[in-house]
file upload.txt (compact mmCIF, C-alpha atoms and all ligand atoms)
# COMPACT_ATOMS: atom_id res chain seq x y z
CA MET A 1 -2.18 56.57 -11.94
CA ALA A 2 -0.38 55.28 -8.82
CA SER A 3 3.24 56.34 -8.37
CA PRO A 4 5.96 53.69 -8.89
CA ALA A 5 6.52 53.66 -5.10
CA ALA A 6 2.81 53.02 -4.43
CA GLN A 7 2.73 50.31 -7.13
CA ALA A 8 5.73 48.59 -5.56
CA ALA A 9 3.92 48.61 -2.20
CA GLN A 10 0.91 46.73 -3.67
CA PRO A 11 0.96 42.95 -3.14
CA PRO A 12 1.02 40.90 -6.37
CA PRO A 13 -2.46 40.19 -7.84
CA GLU A 14 -2.54 36.52 -6.84
CA ILE A 15 -1.96 37.45 -3.19
CA MET A 16 -4.71 40.05 -3.37
CA ASP A 17 -6.97 37.45 -4.96
CA GLU A 18 -6.09 35.03 -2.19
CA ALA A 19 -6.95 37.56 0.50
CA ALA A 20 -10.29 38.28 -1.18
CA PHE A 21 -10.99 34.56 -1.56
CA LEU A 22 -10.25 33.94 2.11
CA ARG A 23 -12.52 36.80 3.13
CA GLU A 24 -15.34 35.28 1.07
CA VAL A 25 -14.79 31.81 2.55
CA ARG A 26 -14.56 33.10 6.10
CA ALA A 27 -17.69 35.22 5.70
CA PHE A 28 -19.58 32.14 4.52
CA LEU A 29 -18.23 29.90 7.29
CA SER A 30 -19.04 32.42 9.99
CA GLN A 31 -22.71 32.30 8.90
CA ALA A 32 -23.11 28.70 7.78
CA LEU A 33 -21.07 26.88 10.43
CA THR A 34 -23.47 27.35 13.31
CA PRO A 35 -22.35 26.34 16.83
CA ASP A 36 -24.19 22.98 16.64
CA LEU A 37 -22.28 22.06 13.46
CA ARG A 38 -18.96 23.13 14.94
CA GLU A 39 -19.66 21.04 18.01
CA ALA A 40 -20.47 18.02 15.81
CA GLY A 41 -17.23 18.64 13.92
CA ARG A 42 -15.19 18.75 17.14
CA ASP A 43 -16.90 15.63 18.51
CA THR A 44 -16.25 13.52 15.40
CA LEU A 45 -14.62 10.23 16.33
CA GLY A 46 -15.24 7.93 13.40
CA VAL A 47 -15.14 8.19 9.65
CA HIS A 48 -17.75 10.97 9.55
CA ALA A 49 -19.52 13.39 11.92
CA ASP A 50 -22.98 12.87 13.38
CA ILE A 51 -25.16 12.06 10.35
CA GLU A 52 -27.70 14.86 10.93
CA ALA A 53 -24.89 17.41 11.14
CA CYS A 54 -23.50 15.90 7.92
CA ARG A 55 -26.83 16.36 6.15
CA ILE A 56 -27.18 19.98 7.26
CA TRP A 57 -23.59 20.88 6.36
CA HIS A 58 -23.90 19.12 3.00
CA GLN A 59 -27.07 21.14 2.22
CA ARG A 60 -25.41 24.44 3.12
CA LEU A 61 -22.37 23.73 0.98
CA TYR A 62 -24.58 22.61 -1.88
CA ALA A 63 -26.76 25.73 -1.66
CA ARG A 64 -23.56 27.85 -1.87
CA GLY A 65 -22.27 25.78 -4.84
CA TRP A 66 -19.24 24.58 -2.84
CA ILE A 67 -20.02 20.93 -2.17
CA ALA A 68 -17.67 19.43 -4.78
CA PRO A 69 -14.63 21.68 -5.32
CA ALA A 70 -12.63 18.85 -6.93
CA TRP A 71 -15.24 18.04 -9.62
CA PRO A 72 -14.87 19.53 -13.10
CA LYS A 73 -16.82 22.81 -13.30
CA ALA A 74 -19.07 21.42 -16.04
CA TRP A 75 -20.31 18.80 -13.58
CA GLY A 76 -20.90 21.12 -10.63
CA GLY A 77 -17.36 21.83 -9.40
CA THR A 78 -16.27 25.30 -8.27
CA GLY A 79 -13.55 25.97 -10.84
CA TRP A 80 -11.17 26.99 -8.06
CA THR A 81 -7.40 26.85 -8.42
CA PRO A 82 -5.53 24.14 -6.46
CA ARG A 83 -4.44 26.79 -3.95
CA GLN A 84 -8.04 27.96 -3.45
CA ARG A 85 -9.19 24.39 -2.83
CA PHE A 86 -6.39 23.95 -0.34
CA LEU A 87 -7.32 27.16 1.50
CA PHE A 88 -11.00 26.24 1.54
CA ASP A 89 -10.33 22.79 2.99
CA ARG A 90 -8.03 24.24 5.62
CA GLU A 91 -10.50 26.94 6.64
CA CYS A 92 -13.28 24.34 6.95
CA ALA A 93 -11.11 22.08 9.08
CA LEU A 94 -9.79 24.84 11.32
CA ASN A 95 -13.36 26.07 11.84
CA ASP A 96 -14.44 22.59 12.98
CA ALA A 97 -16.68 21.84 10.00
CA PRO A 98 -18.30 18.39 10.24
CA VAL A 99 -16.48 15.66 8.31
CA LEU A 100 -19.05 14.63 5.70
CA PHE A 101 -20.32 11.14 4.95
CA ALA A 102 -19.30 11.70 1.39
CA GLY A 103 -18.27 8.57 -0.49
CA GLY A 104 -20.54 9.93 -3.23
CA VAL A 105 -18.91 13.35 -3.52
CA ARG A 106 -15.34 12.21 -2.93
CA SER A 107 -15.16 8.88 -4.73
CA LEU A 108 -18.18 7.66 -6.70
CA GLY A 109 -19.06 10.99 -8.35
CA PRO A 110 -15.61 11.51 -9.90
CA LEU A 111 -15.60 7.83 -10.90
CA LEU A 112 -18.94 8.16 -12.73
CA ILE A 113 -17.74 11.32 -14.46
CA GLU A 114 -14.81 9.29 -15.83
CA MET A 115 -16.36 5.87 -16.34
CA GLY A 116 -20.15 6.02 -15.98
CA THR A 117 -22.67 5.91 -18.83
CA ALA A 118 -24.52 9.09 -19.82
CA LEU A 119 -27.61 7.67 -18.14
CA GLN A 120 -25.76 6.93 -14.89
CA GLN A 121 -24.27 10.43 -14.89
CA GLN A 122 -27.68 12.03 -15.40
CA ARG A 123 -29.34 9.88 -12.80
CA TYR A 124 -26.77 9.87 -10.02
CA LEU A 125 -24.53 12.95 -10.18
CA PRO A 126 -27.18 15.60 -9.36
CA ALA A 127 -28.44 13.49 -6.45
CA ILE A 128 -24.89 13.13 -5.09
CA LEU A 129 -24.37 16.89 -5.25
CA SER A 130 -27.69 17.71 -3.61
CA GLY A 131 -27.17 15.14 -0.85
CA GLN A 132 -30.36 13.31 -1.78
CA ASP A 133 -28.33 10.13 -2.37
CA LEU A 134 -25.91 8.81 0.24
CA TRP A 135 -23.59 6.06 -0.97
CA CYS A 136 -21.89 3.32 1.02
CA GLN A 137 -19.06 1.08 -0.20
CA GLY A 138 -19.59 -2.66 -0.53
CA PHE A 139 -16.12 -4.06 -1.09
CA SER A 140 -14.98 -6.03 2.01
CA GLU A 141 -16.37 -9.47 2.79
CA PRO A 142 -15.75 -11.88 5.67
CA GLY A 143 -13.16 -13.63 3.47
CA ALA A 144 -11.93 -10.64 1.48
CA GLY A 145 -10.28 -7.62 3.15
CA SER A 146 -6.70 -6.87 2.18
CA ASP A 147 -7.03 -9.79 -0.21
CA LEU A 148 -9.89 -8.06 -2.02
CA ALA A 149 -9.71 -10.23 -5.11
CA ALA A 150 -11.03 -13.11 -2.97
CA ILE A 151 -14.55 -11.65 -3.24
CA SER A 152 -17.22 -14.33 -3.42
CA THR A 153 -20.54 -12.42 -3.40
CA ARG A 154 -21.93 -13.67 -6.66
CA ALA A 155 -23.99 -11.98 -9.38
CA THR A 156 -25.65 -14.10 -12.05
CA LEU A 157 -26.83 -12.48 -15.27
CA GLU A 158 -30.52 -13.16 -15.96
CA GLY A 159 -31.76 -11.18 -18.96
CA ASP A 160 -31.78 -7.46 -18.12
CA HIS A 161 -30.69 -7.85 -14.49
CA TYR A 162 -28.19 -9.57 -12.18
CA ARG A 163 -29.27 -11.75 -9.29
CA VAL A 164 -26.92 -11.07 -6.35
CA ASN A 165 -26.27 -13.43 -3.41
CA GLY A 166 -23.70 -13.16 -0.64
CA THR A 167 -22.58 -10.70 2.02
CA LYS A 168 -20.50 -7.56 2.54
CA ILE A 169 -18.97 -6.55 5.87
CA TRP A 170 -17.63 -3.45 7.68
CA THR A 171 -19.91 -1.36 5.45
CA THR A 172 -19.68 2.12 6.96
CA GLY A 173 -23.01 3.94 7.04
CA ALA A 174 -25.02 1.21 5.26
CA HIS A 175 -27.80 2.12 7.70
CA HIS A 176 -27.77 5.76 6.49
CA ALA A 177 -27.12 5.21 2.79
CA ASN A 178 -29.83 4.72 0.16
CA ARG A 179 -27.34 3.33 -2.38
CA MET A 180 -24.25 1.16 -2.45
CA PHE A 181 -21.44 0.74 -4.97
CA ALA A 182 -20.07 -2.78 -4.82
CA ILE A 183 -17.89 -5.33 -6.52
CA VAL A 184 -19.25 -8.80 -7.02
CA ARG A 185 -18.10 -11.97 -8.72
CA THR A 186 -19.63 -12.75 -12.12
CA ALA A 187 -17.09 -15.34 -13.30
CA ASP A 188 -14.15 -17.41 -12.11
CA GLY A 189 -11.22 -16.13 -14.13
CA GLU A 190 -7.72 -17.56 -14.35
CA ARG A 191 -6.61 -14.74 -12.08
CA ARG A 192 -8.92 -13.86 -9.19
CA GLN A 193 -8.96 -10.20 -10.27
CA GLN A 194 -10.75 -11.35 -13.41
CA GLY A 195 -14.47 -12.08 -13.30
CA LEU A 196 -15.39 -9.20 -10.95
CA THR A 197 -18.09 -6.66 -11.84
CA PHE A 198 -18.83 -3.20 -10.40
CA LEU A 199 -22.52 -2.59 -9.59
CA LEU A 200 -24.65 0.26 -8.25
CA ILE A 201 -27.26 -1.16 -5.89
CA ASP A 202 -30.35 0.41 -4.30
CA MET A 203 -30.37 -0.23 -0.57
CA ASP A 204 -34.15 -0.69 -0.56
CA SER A 205 -33.94 -3.59 -3.05
CA PRO A 206 -36.00 -6.61 -1.92
CA GLY A 207 -33.72 -9.27 -0.43
CA LEU A 208 -31.12 -6.78 0.89
CA THR A 209 -30.76 -6.56 4.67
CA VAL A 210 -28.48 -4.46 6.85
CA SER A 211 -27.32 -5.81 10.19
CA PRO A 212 -25.47 -3.49 12.61
CA ILE A 213 -21.97 -4.20 13.93
CA LEU A 214 -21.13 -2.24 17.08
CA GLY A 215 -17.65 -0.81 17.51
CA LEU A 216 -15.53 -1.36 20.61
CA ALA A 217 -16.96 1.80 22.18
CA GLY A 218 -20.52 0.60 21.54
CA ASP A 219 -20.97 2.99 18.60
CA HIS A 220 -22.84 1.97 15.46
CA GLU A 221 -20.87 3.02 12.40
CA PHE A 222 -20.49 -0.12 10.33
CA ASN A 223 -22.64 -3.07 9.32
CA GLN A 224 -22.86 -6.39 7.62
CA VAL A 225 -25.07 -6.38 4.50
CA PHE A 226 -26.73 -9.54 3.20
CA PHE A 227 -27.94 -10.15 -0.37
CA ASP A 228 -30.56 -12.79 -0.88
CA ASP A 229 -31.57 -12.95 -4.56
CA VAL A 230 -31.25 -9.18 -4.94
CA ARG A 231 -32.06 -8.00 -8.48
CA VAL A 232 -29.80 -5.31 -9.92
CA PRO A 233 -30.49 -3.92 -13.42
CA VAL A 234 -27.71 -4.43 -15.98
CA ALA A 235 -27.93 -0.66 -16.59
CA SER A 236 -26.52 -0.22 -13.07
CA ARG A 237 -23.19 -1.80 -14.02
CA VAL A 238 -20.16 0.51 -14.29
CA GLY A 239 -17.63 -0.65 -16.88
CA ALA A 240 -17.74 -4.01 -18.60
CA GLN A 241 -18.93 -7.24 -17.04
CA ASP A 242 -15.99 -9.16 -15.51
CA ASP A 243 -13.82 -6.00 -15.64
CA GLY A 244 -14.89 -4.57 -12.28
CA TRP A 245 -11.33 -4.76 -10.94
CA THR A 246 -10.30 -1.91 -13.27
CA VAL A 247 -13.20 0.20 -11.99
CA ALA A 248 -12.63 -0.74 -8.33
CA LYS A 249 -8.92 0.13 -8.58
CA ARG A 250 -9.81 3.63 -9.80
CA LEU A 251 -12.37 3.97 -7.02
CA MET A 252 -9.72 3.02 -4.47
CA GLN A 253 -7.32 5.60 -5.91
CA LEU A 254 -9.96 8.29 -5.49
CA ALA A 255 -10.86 7.14 -1.96
CA ARG A 256 -7.27 6.82 -0.77
CA SER A 257 -6.13 10.17 -2.07
CA ASN A 258 -8.57 11.97 0.20
CA ASN A 259 -8.82 9.48 3.05
CA THR A 260 -6.94 11.68 5.54
CA PRO A 261 -6.55 15.09 3.91
CA ALA A 262 -3.86 17.43 5.19
CA ALA A 263 -6.54 19.86 6.35
CA LEU A 264 -7.86 17.31 8.87
CA VAL A 265 -4.35 16.61 10.10
CA ARG A 266 -3.89 20.37 10.54
CA ARG A 267 -6.97 20.39 12.77
CA ALA A 268 -5.48 17.57 14.86
CA LEU A 269 -2.18 19.43 15.12
CA ARG A 270 -3.96 22.48 16.52
CA ARG A 271 -5.51 20.28 19.19
CA ALA A 272 -2.10 18.81 19.96
CA ALA A 273 -0.60 22.30 20.25
CA GLN A 274 -3.24 23.30 22.81
CA ALA A 275 -2.49 20.20 24.89
CA VAL A 276 1.29 20.59 24.61
CA VAL A 277 1.33 24.31 25.44
CA ALA A 278 -0.69 23.60 28.60
CA VAL A 279 2.10 21.39 29.96
CA ALA A 280 5.12 22.91 28.22
CA ASP A 281 6.73 23.99 31.54
CA GLN A 282 6.79 20.46 32.91
CA GLU A 283 7.31 18.64 29.59
CA PRO A 284 9.52 20.78 27.30
CA SER A 285 10.42 17.80 25.11
CA LEU A 286 6.82 17.60 23.86
CA ARG A 287 7.31 21.01 22.24
CA MET A 288 10.18 19.65 20.20
CA ARG A 289 8.05 16.76 19.02
CA LEU A 290 5.21 19.11 18.14
CA ALA A 291 7.57 21.23 16.04
CA GLY A 292 8.86 18.11 14.25
CA LEU A 293 5.32 17.00 13.43
CA GLU A 294 4.40 20.45 12.17
CA ILE A 295 7.35 20.37 9.77
CA GLU A 296 6.18 16.99 8.49
CA LEU A 297 2.67 18.35 8.06
CA ASP A 298 3.93 21.34 6.07
CA ALA A 299 5.64 18.87 3.73
CA PHE A 300 2.53 16.70 3.55
CA GLU A 301 0.42 19.69 2.49
CA GLN A 302 2.81 20.38 -0.35
CA ALA A 303 2.88 16.71 -1.35
CA GLU A 304 -0.93 16.65 -1.48
CA LEU A 305 -1.02 19.74 -3.70
CA ALA A 306 1.66 18.33 -5.99
CA ALA A 307 0.09 14.86 -6.27
CA CYS A 308 -3.46 16.07 -6.98
CA PRO A 309 -3.25 19.53 -8.57
CA THR A 310 -6.70 19.07 -10.14
CA GLY A 311 -8.06 17.80 -6.83
CA LEU A 312 -8.21 14.24 -8.15
CA PRO A 313 -5.36 11.74 -8.56
CA ARG A 314 -4.16 10.98 -12.09
CA PRO A 315 -5.42 7.54 -13.23
CA SER A 316 -1.89 6.56 -14.33
CA ASP A 317 -0.38 7.41 -10.95
CA GLN A 318 -0.54 4.25 -8.87
CA THR A 319 1.74 5.41 -6.07
CA ALA A 320 0.47 8.88 -5.11
CA PRO A 321 -2.93 7.85 -3.63
CA SER A 322 -1.32 5.14 -1.49
CA MET A 323 1.46 7.48 -0.39
CA LEU A 324 -1.02 10.18 0.59
CA LYS A 325 -3.08 7.71 2.58
CA LEU A 326 -0.05 6.19 4.25
CA ILE A 327 1.58 9.49 5.20
CA GLY A 328 -1.70 11.18 6.17
CA THR A 329 -3.00 8.41 8.41
CA GLU A 330 0.30 7.71 10.15
CA LEU A 331 1.04 11.40 10.73
CA HIS A 332 -2.47 11.87 12.10
CA GLN A 333 -1.94 8.94 14.46
CA ARG A 334 1.37 10.26 15.75
CA ILE A 335 -0.20 13.67 16.39
CA ALA A 336 -3.12 12.07 18.26
CA GLU A 337 -0.63 10.07 20.32
CA LEU A 338 1.32 13.20 21.22
CA THR A 339 -1.95 14.88 22.28
CA ALA A 340 -2.76 11.93 24.55
CA GLN A 341 0.73 12.00 26.04
CA ALA A 342 0.44 15.72 26.72
CA ALA A 343 -2.88 15.11 28.51
CA GLY A 344 -0.89 12.72 30.69
CA PRO A 345 -2.77 10.67 33.27
CA TYR A 346 -6.00 12.54 32.43
CA ALA A 347 -6.15 10.65 29.14
CA ALA A 348 -6.20 7.32 30.96
CA ALA A 349 -9.39 5.53 29.94
CA SER A 350 -9.72 4.07 33.45
CA LEU A 351 -10.22 7.34 35.38
CA GLY A 352 -14.00 7.42 34.90
CA ALA A 353 -14.16 3.81 36.00
CA VAL A 354 -12.45 4.58 39.31
CA GLY A 355 -14.86 7.43 40.02
CA LEU A 356 -12.69 10.45 39.13
CA ALA A 357 -14.51 13.28 37.38
CA GLY A 358 -14.03 16.89 36.37
CA GLU A 359 -13.30 19.06 33.36
CA ALA A 360 -9.71 17.79 32.91
CA VAL A 361 -10.88 14.17 33.11
CA ASP A 362 -13.61 14.82 30.49
CA ARG A 363 -11.13 16.54 28.18
CA GLY A 364 -8.63 13.75 28.69
CA ALA A 365 -11.28 11.15 27.89
CA ARG A 366 -12.12 12.92 24.62
CA ILE A 367 -8.45 13.09 23.70
CA MET A 368 -8.00 9.39 24.40
CA ALA A 369 -11.14 8.51 22.42
CA LYS A 370 -9.77 10.39 19.41
CA HIS A 371 -6.37 8.79 19.78
CA LEU A 372 -7.99 5.34 19.70
CA ALA A 373 -10.43 6.25 16.90
CA VAL A 374 -7.75 7.37 14.45
CA ARG A 375 -6.10 3.96 14.75
CA ALA A 376 -8.86 2.70 12.41
CA ALA A 377 -7.75 5.00 9.59
CA SER A 378 -4.71 2.86 8.81
CA ILE A 379 -7.04 -0.14 8.35
CA TYR A 380 -9.97 1.08 6.23
CA SER A 381 -9.53 1.81 2.53
CA GLY A 382 -6.63 -0.66 2.69
CA SER A 383 -4.25 -1.08 5.63
CA SER A 384 -0.84 0.59 5.83
CA GLU A 385 0.76 -2.73 4.86
CA THR A 386 -1.47 -2.86 1.78
CA GLN A 387 -0.44 0.69 0.81
CA ARG A 388 3.23 -0.22 1.23
CA ASN A 389 2.71 -3.25 -1.01
CA VAL A 390 0.98 -1.12 -3.68
CA ILE A 391 3.78 1.46 -3.60
CA ALA A 392 6.52 -1.18 -3.72
CA GLN A 393 4.89 -3.09 -6.57
CA SER A 394 4.29 0.05 -8.57
CA LEU A 395 7.85 1.32 -8.10
CA LEU A 396 9.37 -2.07 -8.89
CA LYS A 397 7.28 -2.29 -12.09
CA GLY A 398 8.27 1.27 -13.01
C1 LIG Z 1 -13.58 1.82 10.60
C2 LIG Z 1 -13.62 0.93 9.38
C3 LIG Z 1 -14.51 1.24 8.36
C4 LIG Z 1 -14.57 0.40 7.23
N1 LIG Z 1 -15.49 0.70 6.24
C5 LIG Z 1 -15.58 -0.10 5.15
C6 LIG Z 1 -16.56 0.16 4.15
O1 LIG Z 1 -17.34 1.12 4.24
N2 LIG Z 1 -16.64 -0.67 3.08
C7 LIG Z 1 -15.79 -1.73 2.94
O2 LIG Z 1 -15.88 -2.42 1.91
N3 LIG Z 1 -14.86 -2.03 3.89
C8 LIG Z 1 -14.74 -1.23 4.98
N4 LIG Z 1 -13.81 -1.51 5.97
C9 LIG Z 1 -13.02 -2.74 5.86
C10 LIG Z 1 -11.56 -2.47 5.50
O3 LIG Z 1 -11.43 -2.09 4.16
C11 LIG Z 1 -10.80 -3.78 5.85
O4 LIG Z 1 -10.86 -3.92 7.27
C12 LIG Z 1 -9.37 -3.71 5.39
O5 LIG Z 1 -9.28 -3.78 4.00
C13 LIG Z 1 -8.52 -4.87 6.03
O6 LIG Z 1 -9.14 -6.08 5.80
P1 LIG Z 1 -9.41 -7.11 7.00
O7 LIG Z 1 -10.10 -6.38 8.09
O8 LIG Z 1 -10.08 -8.32 6.42
O9 LIG Z 1 -7.97 -7.50 7.55
P2 LIG Z 1 -6.97 -8.56 6.93
O10 LIG Z 1 -6.94 -8.40 5.45
O11 LIG Z 1 -7.28 -9.89 7.49
O12 LIG Z 1 -5.59 -8.05 7.51
C14 LIG Z 1 -5.17 -8.31 8.85
C15 LIG Z 1 -3.76 -7.77 9.03
O13 LIG Z 1 -2.84 -8.46 8.14
C16 LIG Z 1 -2.14 -7.52 7.31
N5 LIG Z 1 -1.96 -8.07 5.98
C17 LIG Z 1 -2.91 -8.70 5.22
N6 LIG Z 1 -2.38 -9.06 4.02
C18 LIG Z 1 -1.09 -8.64 4.01
C19 LIG Z 1 -0.03 -8.71 3.06
N7 LIG Z 1 -0.20 -9.26 1.85
N8 LIG Z 1 1.17 -8.16 3.39
C20 LIG Z 1 1.37 -7.58 4.61
N9 LIG Z 1 0.39 -7.50 5.57
C21 LIG Z 1 -0.82 -8.02 5.26
C22 LIG Z 1 -3.06 -6.30 7.25
O14 LIG Z 1 -2.32 -5.13 6.97
C23 LIG Z 1 -3.65 -6.28 8.66
O15 LIG Z 1 -2.74 -5.66 9.55
C24 LIG Z 1 -13.72 -0.71 7.11
C25 LIG Z 1 -12.81 -1.00 8.15
C26 LIG Z 1 -12.77 -0.18 9.27
C27 LIG Z 1 -11.79 -0.51 10.36

call {"tool": "encode", "arguments": {"input": "upload.txt", "output": "structure tokens"}}
result
Amino acid sequence: MASPAAQAAQPPPEIMDEAAFLREVRAFLSQALTPDLREAGRDTLGVHADIEACRIWHQRLYARGWIAPAWPKAWGGTGWTPRQRFLFDRECALNDAPVLFAGGVRSLGPLLIEMGTALQQQRYLPAILSGQDLWCQGFSEPGAGSDLAAISTRATLEGDHYRVNGTKIWTTGAHHANRMFAIVRTADGERRQQGLTFLLIDMDSPGLTVSPILGLAGDHEFNQVFFDDVRVPVASRVGAQDDGWTVAKRLMQLARSNNTPAALVRRALRRAAQAVVAVADQEPSLRMRLAGLEIELDAFEQAELAACPTGLPRPSDQTAPSMLKLIGTELHQRIAELTAQAAGPYAAASLGAVGLAGEAVDRGARIMAKHLAVRAASIYSGSSETQRNVIAQSLLKG
């Protein structure tokens, strides 16, 4: 038996467990995150990494049983503690893992576990885990963004199916996805939130077309989707007819709570630190700002753990998902802005146009592209103003 002195020198069991867990995660990442995937992770500008890198990374996580750490173990989750999930996410981010196109894993899967029928769970959950099904989100319309209840895409019940007509816009990855979850109007209620229905739609349905929308940088990430007499089986409805608002609200909670996870912000902060350290002699004030942002990020990590200890937000908690999205996106943006400022004139988008080239110019251009790209995060999944409204309404009600 070890002497009392030797016992006292041993770290407590949870710390030993943590060290062993980290060793296991790092061993996996060192094998599975090949240089091509890390490069795709570093180059990510939009909502997700290059789609082929996403597919490969998804497969590797699935094969290891680690694709859905936040799901209940019975449905394919890992059974990790909150702290283990946190460490795993942070290790993935700091090792430049690709950001997955994962509306299925992050939002729809947990929603179906809570609200789907047994048939829907059997049919869709395994295909989400394996990566066979990629899901896009059909909420926004040309006349319905922040004012989501203004949705006018209409579904008419005809026997055992709905006939859907209308259009969805800004649909990220509709050109990659084979399925869409959407809300459509089935009735005109007294309140506009009434009369909406939540449907699961196959993207290869006759009458459904996807039309690309190019971003400002010429990239193709989102689309407009048109429905022309698209038939959707009644069995593909989640929740009751005309009660889709309840389902959509839960979906939004799930999406917002992991929209900009602390681990991704930590990755951005590391990039900022590299840029700031490089110019610290000339710009000492940037160091102070970096330190301030790091303190905010430490607090954000704790807030994330406290708000979602199971990995998923509590259905009764209206404020936490909006707060996490608001704090995460705005902190991420301020860090990206600091990085661009540290890069100084090299981050000026116009340098390439005036014929200047070189490693510093290329790096600066990448920094500026990221700075501009993260501006979108405070628009999608509900703008910052929308989150502030949700928080204020929920607190005033409370
Ligand atoms: C990169 C990206 C990806 C996206 N992907 C998807 C997707 O996959 N699926 C999908 O369904 N949608 C998607 N969207 C759409 C996104 O959800 C909407 O853009 C968002 O909800 C805002 O709607 P809007 O663009 O119509 O702006 P508007 O609603 O017209 O808002 C314009 C401005 O007015 C402000 N505003 C509006 N109402 C209020 C109010 N009541 N109080 C205070 N301020 C207000 C907003 O905050 C915003 O600043 C995506 C958007 C982006 C940028």

call {"tool": "atom_distance", "arguments": {"input": "upload.txt", "atom1": "CA of Asn259 in chain A", "atom2": "CA of Tyr380 in chain A"}}
result
9.1 Å

call {"tool": "residues_around", "arguments": {"input": "upload.txt", "residues": "Arg334 in chain A", "least_positions_apart": "3", "cutoff": "12 Å", "atoms": "only C-alpha atoms", "output": "MDAnalysis selection string"}}
result
chainID A and resid 265 268:269 272 289:290 292:294 296:297 327:331 337:341 370:372 374:375 378

call {"tool": "residues_around", "arguments": {"input": "upload.txt", "residues": "Lys249 in chain A", "least_positions_apart": "5", "cutoff": "10 Å", "atoms": "only C-alpha atoms", "output": "VMD selection string"}}
result
chain A and resid 244 254 to 255 315 318

call {"tool": "write_last_selection", "arguments": {"input": "upload.txt", "atoms": "C-alpha atoms", "output": "mmCIF file, in the frame of the given file"}}
result
data_model
loop_
_atom_site.group_PDB
_atom_site.id
_atom_site.type_symbol
_atom_site.label_atom_id
_atom_site.label_comp_id
_atom_site.auth_asym_id
_atom_site.auth_seq_id
_atom_site.Cartn_x
_atom_site.Cartn_y
_atom_site.Cartn_z
ATOM 1 C CA GLY A 244 -14.890 -4.570 -12.280
ATOM 2 C CA LEU A 254 -9.960 8.290 -5.490
ATOM 3 C CA ALA A 255 -10.860 7.140 -1.960
ATOM 4 C CA PRO A 315 -5.420 7.540 -13.230
ATOM 5 C CA GLN A 318 -0.540 4.250 -8.870
#

call {"tool": "residues_near_point", "arguments": {"input": "upload.txt", "point": "(0.9, 21.4, -4.3)", "cutoff": "12 Å", "atoms": "only C-alpha atoms", "output": "list in words"}}
result
Thr81, Pro82, Arg83, Gln84, Arg85, Phe86, Leu87, Ala262, Asp298, Ala299, Phe300, Glu301, Gln302, Ala303, Glu304, Leu305, Ala306, Ala307, Cys308, Pro309, Thr310 and Gly311 of chain A

call {"tool": "write_last_selection", "arguments": {"input": "upload.txt", "atoms": "C-alpha atoms", "output": "short mmCIF file (atom, residue, chain, number, x, y, z; two decimals), in the coordinates of the input"}}
result
data_model
loop_
_atom_site.label_atom_id
_atom_site.label_comp_id
_atom_site.auth_asym_id
_atom_site.auth_seq_id
_atom_site.Cartn_x
_atom_site.Cartn_y
_atom_site.Cartn_z
CA THR A 81 -7.40 26.85 -8.42
CA PRO A 82 -5.53 24.14 -6.46
CA ARG A 83 -4.44 26.79 -3.95
CA GLN A 84 -8.04 27.96 -3.45
CA ARG A 85 -9.19 24.39 -2.83
CA PHE A 86 -6.39 23.95 -0.34
CA LEU A 87 -7.32 27.16 1.50
CA ALA A 262 -3.86 17.43 5.19
CA ASP A 298 3.93 21.34 6.07
CA ALA A 299 5.64 18.87 3.73
CA PHE A 300 2.53 16.70 3.55
CA GLU A 301 0.42 19.69 2.49
CA GLN A 302 2.81 20.38 -0.35
CA ALA A 303 2.88 16.71 -1.35
CA GLU A 304 -0.93 16.65 -1.48
CA LEU A 305 -1.02 19.74 -3.70
CA ALA A 306 1.66 18.33 -5.99
CA ALA A 307 0.09 14.86 -6.27
CA CYS A 308 -3.46 16.07 -6.98
CA PRO A 309 -3.25 19.53 -8.57
CA THR A 310 -6.70 19.07 -10.14
CA GLY A 311 -8.06 17.80 -6.83
#

call {"tool": "closest_residue", "arguments": {"input": "upload.txt", "among": "A:Leu129, A:Ala74, A:Met288, A:Ala320", "to": "Ser394 in chain A", "atoms": "only C-alpha atoms"}}
result
A:Ala320

call {"tool": "residues_around", "arguments": {"input": "upload.txt", "residues": "range 56-63 of chain A", "least_positions_apart": "4", "cutoff": "12 Å", "atoms": "only C-alpha atoms", "output": "JSON, numbers by chain"}}
result
{"A": [25, 28, 29, 31, 32, 33, 34, 35, 36, 37, 38, 40, 41, 48, 49, 50, 51, 52, 67, 68, 69, 76, 77, 78, 88, 92, 96, 97, 98, 99, 100, 101, 102, 104, 105, 126, 127, 128, 129, 130, 131, 132, 133, 134]}

call {"tool": "closest_residue", "arguments": {"input": "upload.txt", "among": "A:Ser140, A:Leu286, A:Met323, A:Asp317", "to": "Gly344 in chain A", "atoms": "all atoms listed in the file"}}
result
A:Leu286

call {"tool": "residues_near_ligand", "arguments": {"input": "upload.txt", "ligand": "ligand LIG 1 (chain Z)", "cutoff": "7 Å", "atoms": "only C-alpha atoms and all ligand atoms", "output": "ChimeraX atom specification"}}
result
/A:46-47,136-140,142-147,168-173,222,376-377,379-386,389

call {"tool": "closest_residue", "arguments": {"input": "upload.txt", "among": "A:Asp219, A:Asp188, A:Asp204, A:Asp43", "to": "Ile367 in chain A", "atoms": "all atoms listed in the file"}}
result
A:Asp43

call {"tool": "closest_residue", "arguments": {"input": "upload.txt", "among": "A:Phe226, A:Leu148, A:Leu216, A:Gly159", "to": "Arg185 in chain A", "atoms": "all atoms listed in the file"}}
result
A:Leu148

call {"tool": "atom_distance", "arguments": {"input": "upload.txt", "atom1": "CA of Tyr162 in chain A", "atom2": "CA of Val230 in chain A"}}
result
7.9 Å
